[in-house]
Each structure stands twice: as structure tokens, then as C-alpha cells.
file data_1.pdb (PDB, C-alpha atoms, pLDDT in the B column)
MODEL        1
ATOM      1  CA  MET A1291     -64.468   1.393  30.634  1.00 51.00           C
ATOM      2  CA  LEU A1292     -61.909   1.771  33.408  1.00 46.00           C
ATOM      3  CA  GLY A1293     -59.887  -1.080  31.964  1.00 57.00           C
ATOM      4  CA  GLN A1294     -59.701   0.624  28.563  1.00 62.00           C
ATOM      5  CA  LYS A1295     -58.501   3.841  30.202  1.00 59.00           C
ATOM      6  CA  LYS A1296     -55.718   1.986  32.032  1.00 59.00           C
ATOM      7  CA  LEU A1297     -54.798   0.220  28.814  1.00 59.00           C
ATOM      8  CA  ARG A1298     -54.464   3.553  26.993  1.00 62.00           C
ATOM      9  CA  GLN A1299     -52.299   4.921  29.825  1.00 59.00           C
ATOM     10  CA  MET A1300     -50.068   1.845  29.677  1.00 59.00           C
ATOM     11  CA  LYS A1301     -49.680   2.236  25.922  1.00 58.00           C
ATOM     12  CA  LYS A1302     -48.736   5.901  26.362  1.00 57.00           C
ATOM     13  CA  ARG A1303     -46.120   5.030  29.004  1.00 56.00           C
ATOM     14  CA  LEU A1304     -44.730   2.254  26.791  1.00 56.00           C
ATOM     15  CA  LEU A1305     -44.556   4.615  23.796  1.00 56.00           C
ATOM     16  CA  LEU A1306     -42.805   7.224  25.937  1.00 45.00           C
ATOM     17  CA  LYS A1307     -40.259   4.652  27.130  1.00 45.00           C
ATOM     18  CA  ASN A1308     -39.617   3.537  23.540  1.00 55.00           C
ATOM     19  CA  ASN A1309     -39.128   7.141  22.403  1.00 49.00           C
ATOM     20  CA  LEU A1310     -36.725   7.795  25.282  1.00 39.00           C
ATOM     21  CA  ALA A1311     -34.772   4.634  24.429  1.00 45.00           C
ATOM     22  CA  ILE A1312     -34.516   5.673  20.777  1.00 48.00           C
ATOM     23  CA  ALA A1313     -33.427   9.179  21.778  1.00 39.00           C
ATOM     24  CA  CYS A1314     -30.723   7.776  24.067  1.00 38.00           C
ATOM     25  CA  CYS A1315     -29.443   5.523  21.271  1.00 45.00           C
ATOM     26  CA  LEU A1316     -29.276   8.446  18.853  1.00 40.00           C
ATOM     27  CA  ILE A1317     -27.376  10.524  21.396  1.00 35.00           C
ATOM     28  CA  LEU A1318     -24.886   7.711  21.982  1.00 39.00           C
ATOM     29  CA  VAL A1319     -24.410   7.196  18.239  1.00 42.00           C
ATOM     30  CA  ASN A1320     -23.934  10.934  17.696  1.00 40.00           C
ATOM     31  CA  GLN A1321     -21.432  11.165  20.556  1.00 38.00           C
ATOM     32  CA  ASN A1322     -19.535   8.201  19.123  1.00 43.00           C
ATOM     33  CA  LEU A1323     -19.341   9.843  15.708  1.00 42.00           C
ATOM     34  CA  LEU A1324     -18.247  13.155  17.198  1.00 42.00           C
ATOM     35  CA  SER A1325     -15.542  11.420  19.228  1.00 54.00           C
ATOM     36  CA  GLN A1326     -14.103   9.708  16.179  1.00 78.00           C
ATOM     37  CA  ARG A1327     -10.925  11.099  14.709  1.00 91.00           C
ATOM     38  CA  ILE A1328      -9.163  10.668  11.402  1.00 95.00           C
ATOM     39  CA  GLU A1329      -7.057   7.909  12.999  1.00 95.00           C
ATOM     40  CA  ASP A1330     -10.197   5.866  13.720  1.00 96.00           C
ATOM     41  CA  TRP A1331     -11.550   6.198  10.202  1.00 97.00           C
ATOM     42  CA  TYR A1332      -8.153   5.410   8.731  1.00 97.00           C
ATOM     43  CA  VAL A1333      -7.766   2.209  10.759  1.00 96.00           C
ATOM     44  CA  ASN A1334     -11.348   1.039  10.157  1.00 96.00           C
ATOM     45  CA  MET A1335     -11.596   1.860   6.455  1.00 96.00           C
ATOM     46  CA  PRO A1336     -12.401  -1.146   4.229  1.00 96.00           C
ATOM     47  CA  ASP A1337      -9.267  -2.922   3.014  1.00 94.00           C
ATOM     48  CA  ILE A1338     -10.511  -2.657  -0.563  1.00 95.00           C
ATOM     49  CA  LEU A1339      -9.979   1.119  -0.353  1.00 96.00           C
ATOM     50  CA  ASN A1340      -6.400   0.672   0.822  1.00 94.00           C
ATOM     51  CA  PRO A1341      -5.283  -2.791  -0.351  1.00 93.00           C
ATOM     52  CA  THR A1342      -1.554  -2.375   0.278  1.00 94.00           C
ATOM     53  CA  LEU A1343      -2.070  -2.132   4.055  1.00 95.00           C
ATOM     54  CA  SER A1344      -4.329  -4.318   6.189  1.00 94.00           C
ATOM     55  CA  ARG A1345      -6.295  -2.975   9.141  1.00 95.00           C
ATOM     56  CA  GLN A1346      -3.644  -4.426  11.460  1.00 94.00           C
ATOM     57  CA  ASN A1347      -0.895  -2.736   9.413  1.00 95.00           C
ATOM     58  CA  ARG A1348      -2.653   0.619   9.687  1.00 95.00           C
ATOM     59  CA  LEU A1349      -3.203   0.216  13.421  1.00 95.00           C
ATOM     60  CA  GLU A1350       0.436  -0.699  14.041  1.00 93.00           C
ATOM     61  CA  LEU A1351       1.644   2.219  11.914  1.00 94.00           C
ATOM     62  CA  LEU A1352      -0.293   4.664  14.097  1.00 94.00           C
ATOM     63  CA  GLU A1353       0.667   2.963  17.358  1.00 93.00           C
ATOM     64  CA  TYR A1354       4.368   3.049  16.465  1.00 90.00           C
ATOM     65  CA  HIS A1355       4.025   6.730  15.637  1.00 89.00           C
ATOM     66  CA  LYS A1356       2.332   7.517  18.967  1.00 87.00           C
ATOM     67  CA  VAL A1357       5.144   5.969  21.011  1.00 89.00           C
ATOM     68  CA  HIS A1358       7.817   7.520  18.740  1.00 83.00           C
ATOM     69  CA  GLN A1359       9.209   4.123  17.718  1.00 82.00           C
ATOM     70  CA  SER A1360       8.812   4.301  13.959  1.00 82.00           C
ATOM     71  CA  ASP A1361       6.859   6.012  11.182  1.00 84.00           C
ATOM     72  CA  SER A1362       7.069   3.052   8.804  1.00 89.00           C
ATOM     73  CA  ILE A1363       5.811  -0.507   8.487  1.00 91.00           C
ATOM     74  CA  ALA A1364       6.093  -3.298   5.921  1.00 91.00           C
ATOM     75  CA  ASN A1365       3.147  -3.400   3.522  1.00 89.00           C
ATOM     76  CA  ARG A1366       1.585  -6.384   1.766  1.00 89.00           C
ATOM     77  CA  LEU A1367       3.896  -5.943  -1.217  1.00 88.00           C
ATOM     78  CA  GLY A1368       7.054  -6.281   0.851  1.00 88.00           C
ATOM     79  CA  ASN A1369       7.879  -2.569   0.645  1.00 89.00           C
ATOM     80  CA  PHE A1370       7.654  -0.058   3.471  1.00 93.00           C
ATOM     81  CA  ALA A1371       4.768   2.343   4.066  1.00 95.00           C
ATOM     82  CA  HIS A1372       5.600   5.647   5.756  1.00 95.00           C
ATOM     83  CA  LEU A1373       3.378   7.929   7.806  1.00 96.00           C
ATOM     84  CA  LEU A1374       4.099  11.398   6.422  1.00 95.00           C
ATOM     85  CA  THR A1375       1.469  13.486   8.225  1.00 95.00           C
ATOM     86  CA  LEU A1376      -0.931  12.907  11.114  1.00 95.00           C
ATOM     87  CA  ASP A1377      -2.966  15.979  12.066  1.00 95.00           C
ATOM     88  CA  SER A1378      -5.708  14.998  14.497  1.00 93.00           C
ATOM     89  CA  LEU A1379      -6.793  18.620  14.990  1.00 93.00           C
ATOM     90  CA  ASN A1380      -7.565  19.137  11.293  1.00 94.00           C
ATOM     91  CA  ASN A1381      -8.508  15.478  10.677  1.00 96.00           C
ATOM     92  CA  ARG A1382      -5.897  14.870   7.997  1.00 97.00           C
ATOM     93  CA  ILE A1383      -3.533  11.973   7.424  1.00 97.00           C
ATOM     94  CA  VAL A1384      -1.000  11.304   4.646  1.00 97.00           C
ATOM     95  CA  VAL A1385       0.655   7.902   4.164  1.00 97.00           C
ATOM     96  CA  LYS A1386       3.192   6.900   1.533  1.00 96.00           C
ATOM     97  CA  ASN A1387       1.849   3.412   0.850  1.00 95.00           C
ATOM     98  CA  THR A1388       4.578   2.372  -1.598  1.00 94.00           C
ATOM     99  CA  PRO A1389       7.670   4.031  -3.095  1.00 94.00           C
ATOM    100  CA  SER A1390       5.456   5.402  -5.904  1.00 95.00           C
ATOM    101  CA  SER A1391       2.038   5.961  -4.271  1.00 96.00           C
ATOM    102  CA  VAL A1392       0.537   8.166  -1.559  1.00 97.00           C
ATOM    103  CA  LEU A1393      -2.848   7.987   0.156  1.00 98.00           C
ATOM    104  CA  GLU A1394      -4.279  11.103   1.764  1.00 98.00           C
ATOM    105  CA  MET A1395      -7.438  11.345   3.876  1.00 98.00           C
ATOM    106  CA  LYS A1396      -9.294  14.261   5.392  1.00 97.00           C
ATOM    107  CA  ALA A1397     -12.664  14.604   7.136  1.00 97.00           C
ATOM    108  CA  PHE A1398     -14.986  17.496   6.279  1.00 94.00           C
ATOM    109  CA  LYS A1399     -18.150  18.928   7.777  1.00 93.00           C
ATOM    110  CA  LEU A1400     -20.948  19.267   5.216  1.00 93.00           C
ATOM    111  CA  ASP A1401     -23.673  21.906   5.270  1.00 90.00           C
ATOM    112  CA  ASP A1402     -26.123  19.467   6.925  1.00 91.00           C
ATOM    113  CA  ASN A1403     -23.589  18.937   9.755  1.00 90.00           C
ATOM    114  CA  THR A1404     -22.751  15.408   8.621  1.00 93.00           C
ATOM    115  CA  THR A1405     -19.177  14.263   8.088  1.00 95.00           C
ATOM    116  CA  ALA A1406     -17.629  13.367   4.749  1.00 96.00           C
ATOM    117  CA  ILE A1407     -14.274  11.671   4.287  1.00 97.00           C
ATOM    118  CA  GLY A1408     -12.197  12.549   1.254  1.00 97.00           C
ATOM    119  CA  ILE A1409      -9.570  10.147  -0.103  1.00 98.00           C
ATOM    120  CA  ILE A1410      -6.875  11.193  -2.561  1.00 98.00           C
ATOM    121  CA  ARG A1411      -4.697   8.537  -4.176  1.00 98.00           C
ATOM    122  CA  THR A1412      -1.604   9.733  -6.017  1.00 98.00           C
ATOM    123  CA  VAL A1413       0.604   7.497  -8.149  1.00 98.00           C
ATOM    124  CA  CYS A1414       3.909   8.685  -9.628  1.00 97.00           C
ATOM    125  CA  ALA A1415       4.940   6.395 -12.471  1.00 92.00           C
ATOM    126  CA  PRO A1416       6.953   8.505 -12.991  1.00 93.00           C
ATOM    127  CA  VAL A1417       4.634  11.516 -13.616  1.00 97.00           C
ATOM    128  CA  CYS A1418       2.304  12.079 -10.657  1.00 97.00           C
ATOM    129  CA  LEU A1419      -1.442  11.639 -11.186  1.00 98.00           C
ATOM    130  CA  SER A1420      -4.192  11.752  -8.540  1.00 98.00           C
ATOM    131  CA  ASN A1421      -7.811  10.689  -8.220  1.00 97.00           C
ATOM    132  CA  ILE A1422     -10.261  11.626  -5.496  1.00 97.00           C
ATOM    133  CA  GLU A1423     -13.342  10.029  -3.887  1.00 97.00           C
ATOM    134  CA  PHE A1424     -15.699  10.929  -1.051  1.00 97.00           C
ATOM    135  CA  TYR A1425     -17.381   8.681   1.523  1.00 97.00           C
ATOM    136  CA  ASP A1426     -19.663   8.989   4.519  1.00 96.00           C
ATOM    137  CA  THR A1427     -18.572   7.679   7.920  1.00 95.00           C
ATOM    138  CA  ALA A1428     -20.096   4.258   7.134  1.00 95.00           C
ATOM    139  CA  TRP A1429     -17.865   4.091   4.034  1.00 96.00           C
ATOM    140  CA  ASN A1430     -20.621   4.519   1.475  1.00 96.00           C
ATOM    141  CA  GLN A1431     -19.432   6.522  -1.515  1.00 96.00           C
ATOM    142  CA  ILE A1432     -21.270   9.846  -1.732  1.00 95.00           C
ATOM    143  CA  PRO A1433     -21.735  12.288  -4.648  1.00 93.00           C
ATOM    144  CA  ILE A1434     -19.700  15.394  -3.881  1.00 94.00           C
ATOM    145  CA  GLN A1435     -18.925  17.295  -7.074  1.00 92.00           C
ATOM    146  CA  PHE A1436     -15.278  17.956  -7.863  1.00 95.00           C
ATOM    147  CA  THR A1437     -14.016  18.569 -11.389  1.00 95.00           C
ATOM    148  CA  VAL A1438     -10.263  18.239 -11.857  1.00 96.00           C
ATOM    149  CA  PRO A1439      -8.960  21.094 -14.041  1.00 96.00           C
ATOM    150  CA  LYS A1440      -7.339  20.252 -17.382  1.00 96.00           C
ATOM    151  CA  ALA A1441      -3.715  21.111 -18.137  1.00 97.00           C
ATOM    152  CA  ILE A1442      -4.787  23.777 -20.637  1.00 94.00           C
ATOM    153  CA  GLU A1443      -6.272  25.774 -17.734  1.00 95.00           C
ATOM    154  CA  TRP A1444      -2.766  26.637 -16.522  1.00 96.00           C
ATOM    155  CA  VAL A1445      -1.895  28.316 -19.835  1.00 92.00           C
ATOM    156  CA  ASN A1446      -1.588  32.086 -19.622  1.00 85.00           C
ATOM    157  CA  LYS A1447      -3.269  32.891 -22.918  1.00 77.00           C
ATOM    158  CA  ASN A1448      -2.362  36.574 -22.702  1.00 77.00           C
ATOM    159  CA  ASN A1449       1.335  35.690 -22.982  1.00 74.00           C
ATOM    160  CA  ILE A1450       0.999  33.504 -26.060  1.00 78.00           C
ATOM    161  CA  SER A1451       2.691  34.856 -29.131  1.00 70.00           C
ATOM    162  CA  THR A1452       0.983  33.357 -32.178  1.00 67.00           C
ATOM    163  CA  ASP A1453       4.038  33.949 -34.330  1.00 67.00           C
ATOM    164  CA  LYS A1454       6.133  31.774 -32.007  1.00 78.00           C
ATOM    165  CA  VAL A1455       3.772  28.930 -31.149  1.00 83.00           C
ATOM    166  CA  ASP A1456       0.792  27.361 -32.902  1.00 87.00           C
ATOM    167  CA  ILE A1457      -2.253  27.493 -30.612  1.00 86.00           C
ATOM    168  CA  GLN A1458      -3.750  24.250 -31.901  1.00 90.00           C
ATOM    169  CA  TRP A1459      -0.439  22.457 -31.476  1.00 92.00           C
ATOM    170  CA  LEU A1460      -0.271  23.781 -27.912  1.00 92.00           C
ATOM    171  CA  LYS A1461      -3.779  22.489 -27.151  1.00 91.00           C
ATOM    172  CA  ASN A1462      -2.982  19.106 -28.658  1.00 94.00           C
ATOM    173  CA  SER A1463       0.228  18.837 -26.642  1.00 94.00           C
ATOM    174  CA  LEU A1464      -1.724  19.478 -23.426  1.00 95.00           C
ATOM    175  CA  SER A1465      -4.685  17.258 -24.292  1.00 95.00           C
ATOM    176  CA  ILE A1466      -3.520  14.656 -21.754  1.00 95.00           C
ATOM    177  CA  SER A1467      -3.461  16.076 -18.225  1.00 97.00           C
ATOM    178  CA  PHE A1468      -1.385  14.944 -15.264  1.00 98.00           C
ATOM    179  CA  THR A1469      -2.464  16.636 -12.055  1.00 98.00           C
ATOM    180  CA  SER A1470      -1.802  15.868  -8.407  1.00 98.00           C
ATOM    181  CA  LEU A1471      -4.202  16.797  -5.611  1.00 98.00           C
ATOM    182  CA  SER A1472      -3.781  17.451  -1.913  1.00 98.00           C
ATOM    183  CA  PHE A1473      -5.998  18.645   0.908  1.00 97.00           C
ATOM    184  CA  SER A1474      -5.078  21.928   2.556  1.00 95.00           C
ATOM    185  CA  GLU A1475      -3.477  21.591   5.978  1.00 92.00           C
ATOM    186  CA  GLU A1476      -6.211  23.789   7.462  1.00 90.00           C
ATOM    187  CA  GLY A1477      -9.738  24.591   6.336  1.00 91.00           C
ATOM    188  CA  GLN A1478     -11.719  22.806   3.646  1.00 94.00           C
ATOM    189  CA  SER A1479      -9.757  23.246   0.435  1.00 96.00           C
ATOM    190  CA  ILE A1480      -8.185  21.111  -2.284  1.00 98.00           C
ATOM    191  CA  VAL A1481      -4.998  22.210  -4.013  1.00 98.00           C
ATOM    192  CA  VAL A1482      -4.319  21.003  -7.573  1.00 98.00           C
ATOM    193  CA  LYS A1483      -0.844  21.001  -9.130  1.00 98.00           C
ATOM    194  CA  ASN A1484      -0.225  20.618 -12.863  1.00 98.00           C
ATOM    195  CA  ASN A1485       2.462  18.014 -13.675  1.00 98.00           C
ATOM    196  CA  THR A1486       1.792  17.746 -17.398  1.00 97.00           C
ATOM    197  CA  LEU A1487       5.059  19.401 -18.414  1.00 96.00           C
ATOM    198  CA  ASP A1488       6.899  16.416 -16.899  1.00 96.00           C
ATOM    199  CA  PHE A1489       5.075  14.174 -19.386  1.00 96.00           C
ATOM    200  CA  LEU A1490       6.252  16.097 -22.460  1.00 96.00           C
ATOM    201  CA  SER A1491       9.474  15.646 -24.387  1.00 95.00           C
ATOM    202  CA  GLU A1492      12.308  17.969 -23.452  1.00 96.00           C
ATOM    203  CA  THR A1493      11.922  19.855 -26.747  1.00 95.00           C
ATOM    204  CA  ASP A1494       8.171  20.424 -26.333  1.00 95.00           C
ATOM    205  CA  ARG A1495       8.617  21.312 -22.679  1.00 95.00           C
ATOM    206  CA  LYS A1496      11.067  24.106 -23.501  1.00 93.00           C
ATOM    207  CA  ILE A1497       8.614  25.591 -26.011  1.00 91.00           C
ATOM    208  CA  ILE A1498       5.496  25.330 -23.821  1.00 93.00           C
ATOM    209  CA  ALA A1499       6.909  26.108 -20.348  1.00 93.00           C
ATOM    210  CA  PRO A1500       7.045  29.931 -20.813  1.00 91.00           C
ATOM    211  CA  TYR A1501       3.280  30.013 -21.401  1.00 91.00           C
ATOM    212  CA  ILE A1502       2.262  27.933 -18.360  1.00 92.00           C
ATOM    213  CA  THR A1503       1.927  29.189 -14.808  1.00 92.00           C
ATOM    214  CA  THR A1504       3.270  26.953 -12.058  1.00 91.00           C
ATOM    215  CA  LYS A1505       0.797  28.305  -9.500  1.00 94.00           C
ATOM    216  CA  PRO A1506      -1.534  25.583  -8.114  1.00 97.00           C
ATOM    217  CA  ILE A1507      -5.311  25.958  -8.457  1.00 97.00           C
ATOM    218  CA  SER A1508      -7.341  25.870  -5.237  1.00 97.00           C
ATOM    219  CA  PHE A1509     -10.932  24.757  -4.645  1.00 97.00           C
ATOM    220  CA  LYS A1510     -13.083  25.486  -1.606  1.00 96.00           C
ATOM    221  CA  LEU A1511     -15.970  23.337  -0.388  1.00 94.00           C
ATOM    222  CA  LYS A1512     -19.368  25.027  -0.553  1.00 92.00           C
ATOM    223  CA  GLY A1513     -22.302  22.794   0.250  1.00 90.00           C
ATOM    224  CA  ARG A1514     -21.542  19.606  -1.652  1.00 91.00           C
ATOM    225  CA  THR A1515     -19.619  21.240  -4.502  1.00 94.00           C
ATOM    226  CA  TRP A1516     -15.974  22.244  -4.764  1.00 96.00           C
ATOM    227  CA  ILE A1517     -15.759  25.789  -6.148  1.00 96.00           C
ATOM    228  CA  ARG A1518     -12.619  27.109  -7.776  1.00 96.00           C
ATOM    229  CA  GLU A1519     -11.060  29.997  -5.842  1.00 92.00           C
ATOM    230  CA  ILE A1520     -10.193  33.076  -7.859  1.00 74.00           C
TER     231      ILE A1520
ENDMDL
END
call {"tool": "encode", "arguments": {"input": "data_1.pdb", "output": "C-alpha cells"}}
result
Amino acid sequence: MLGQKKLRQMKKRLLLKNNLAIACCLILVNQNLLSQRIEDWYVNMPDILNPTLSRQNRLELLEYHKVHQSDSIANRLGNFAHLLTLDSLNNRIVVKNTPSSVLEMKAFKLDDNTTAIGIIRTVCAPVCLSNIEFYDTAWNQIPIQFTVPKAIEWVNKNNISTDKVDIQWLKNSLSISFTSLSFSEEGQSIVVKNNTLDFLSETDRKIIAPYITTKPISFKLKGRTWIREI
């Protein structure tokens, strides 16, 4: 009977030690994540997400910047990549990977206090067009809802004169959208610029331009959805 009691006490102590060990590991992991900055995520991102620059390239680019030697480095294509912005405070980095492409990263806090990393890739060939993806800190893609506005959404319909322009023709002309995205310097917002006019012929552009606002559209992160700001 006494032996069983001691055995139960030993099991309790062992369970307590295991729980303490797990708790310590979780604390260390959490501290490590909290100590990470956008530079760390940028350097350690999978090469498949940024194929023009290797991990070593990315590390050297940041190291050169820190010692004020250079903000550029040769990429895998033989061109030069340039560090345009490094904001450790707001966890944002912008790198011109090639003469015609830019990669932008920013870290966000979600409503469950986890961190998400947004990546915007913009290619100008020659009209600029962006796409956006979101990942967790282990580089698993995560479903955060963001709907890129269509070019027609920049049309000021109140200014359209139906005797000067055919509405259906206008819609057809703007059926293909070219938009570029960027993260706000501060806060958790995405700014969308409409570049579709640059895709049109000079004649069509002159007709349509008076009816389109040049003001960017902004979205703010709420939960796991980007909501358009009015």
C-alpha cells in the first residue's frame, strides 16, 4: 500500500516536471518569435518565394546596408537588387529585385495575437501589376481575405456624360485591370493604385481619363479580412 502511494507521488512529480519543461519551451519559442524582426523573416524566407536572390544574397544585402557600404547586390540573373526601404520599427522591407520587379514584405499582428507576413510582388512590364500573399512565421500560406479592386471602381460615375461616352464601351475598355499594391509605412493598411490607363491606347486614354479618379484605394486589416476604407 505504501509502495503504491510513493509510486503515485513519483508520477505526480514526473508529470509536474514534464509540464514545467513544456512551459519553459513554449516561453522560449514565444520569446524567439517576439524577438524576430522583418530582417530575420526576409533572410530566412524560402528561396522559392524570392527566387532572384538566395538566402546568402539577402543576408549580404542587409549587412551591407547596416554598415553603410552599399544598398545593392548582384542577383541570380546578373542584374542588381536594391534595398529601397528597411523599417525595423514597423516591420516593413522593400527590395527592387530586378530592374522591373519589386518585392515588399510586412509583418502584421492578427486578432489572435499571432503574426502574419504579407508579401507583395510587383512587376512593371511596362505597366505595373501586383499580387499579394500571406504567410505565418513558419512560411505556411494562410487564408487572409483580400480582394483587389477592379479598374472600373475608380470611375466617378456621377461625372459621366452619356452623350459624350458610351457606358458599355467604357466598361469594356476597363475590363482588364492593372493595379499596384503597397503596404502603408505605418499601421496595418494596404494602398492600391490603378495603373490601367497606362495600358490603354493614347486615344482611349484621353477619352476615359476625365472620368477616373487618381486617388488610391486603401484597405485596413480587421480580423483576417481587409476592409475597404471609405
call {"tool": "resolve_selection", "arguments": {"input": "data_1.pdb", "expression": "the PyMOL selection byres ((chain A and resi 1339-1355) around 8)", "output": "list in words"}}
result
Glu1329, Tyr1332, Val1333, Asn1334, Met1335, Pro1336, Asp1337, Ile1338, Lys1356, Val1357, His1358, Gln1359, Ser1360, Asp1361, Ser1362, Ile1363, Ala1364, Asn1365, Arg1366, Leu1367, Leu1373, Asn1387 and Thr1388 of chain A
call {"tool": "resolve_selection", "arguments": {"input": "data_1.pdb", "expression": "the PyMOL selection byres ((chain A and resi 1380-1385) around 7)", "output": "JSON, numbers by chain"}}
result
{"A": [1327, 1328, 1371, 1372, 1373, 1374, 1375, 1376, 1377, 1378, 1379, 1386, 1387, 1392, 1393, 1394, 1395, 1396, 1397, 1476]}
call {"tool": "resolve_selection", "arguments": {"input": "data_1.pdb", "expression": "the PyMOL selection byres ((chain A and resi 1520) around 10)", "output": "list in words"}}
result
Ile1507, Ser1508, Phe1509, Ile1517, Arg1518 and Glu1519 of chain A
call {"tool": "atom_distance", "arguments": {"input": "data_1.pdb", "atom1": "atom CA of A:Asp1402", "atom2": "atom CA of A:Val1438"}}
result
24.6 Å
call {"tool": "atom_distance", "arguments": {"input": "data_1.pdb", "atom1": "atom CA of A:Pro1500", "atom2": "atom CA of A:Ser1463"}}
result
14.3 Å
call {"tool": "atom_distance", "arguments": {"input": "data_1.pdb", "atom1": "atom CA of A:Ala1499", "atom2": "atom CA of A:Glu1443"}}
result
13.4 Å
call {"tool": "residues_around", "arguments": {"input": "data_1.pdb", "residues": "A:Asn1421", "least_positions_apart": "6", "cutoff": "7 Å", "atoms": "all atoms listed in the file", "output": "PyMOL selection string"}}
result
chain A and resi 1410-1412
call {"tool": "closest_residue", "arguments": {"input": "data_1.pdb", "among": "A:Ile1409, A:Val1445, A:Leu1471, A:Val1417", "to": "A:Ile1457", "atoms": "all atoms listed in the file"}}
result
A:Val1445
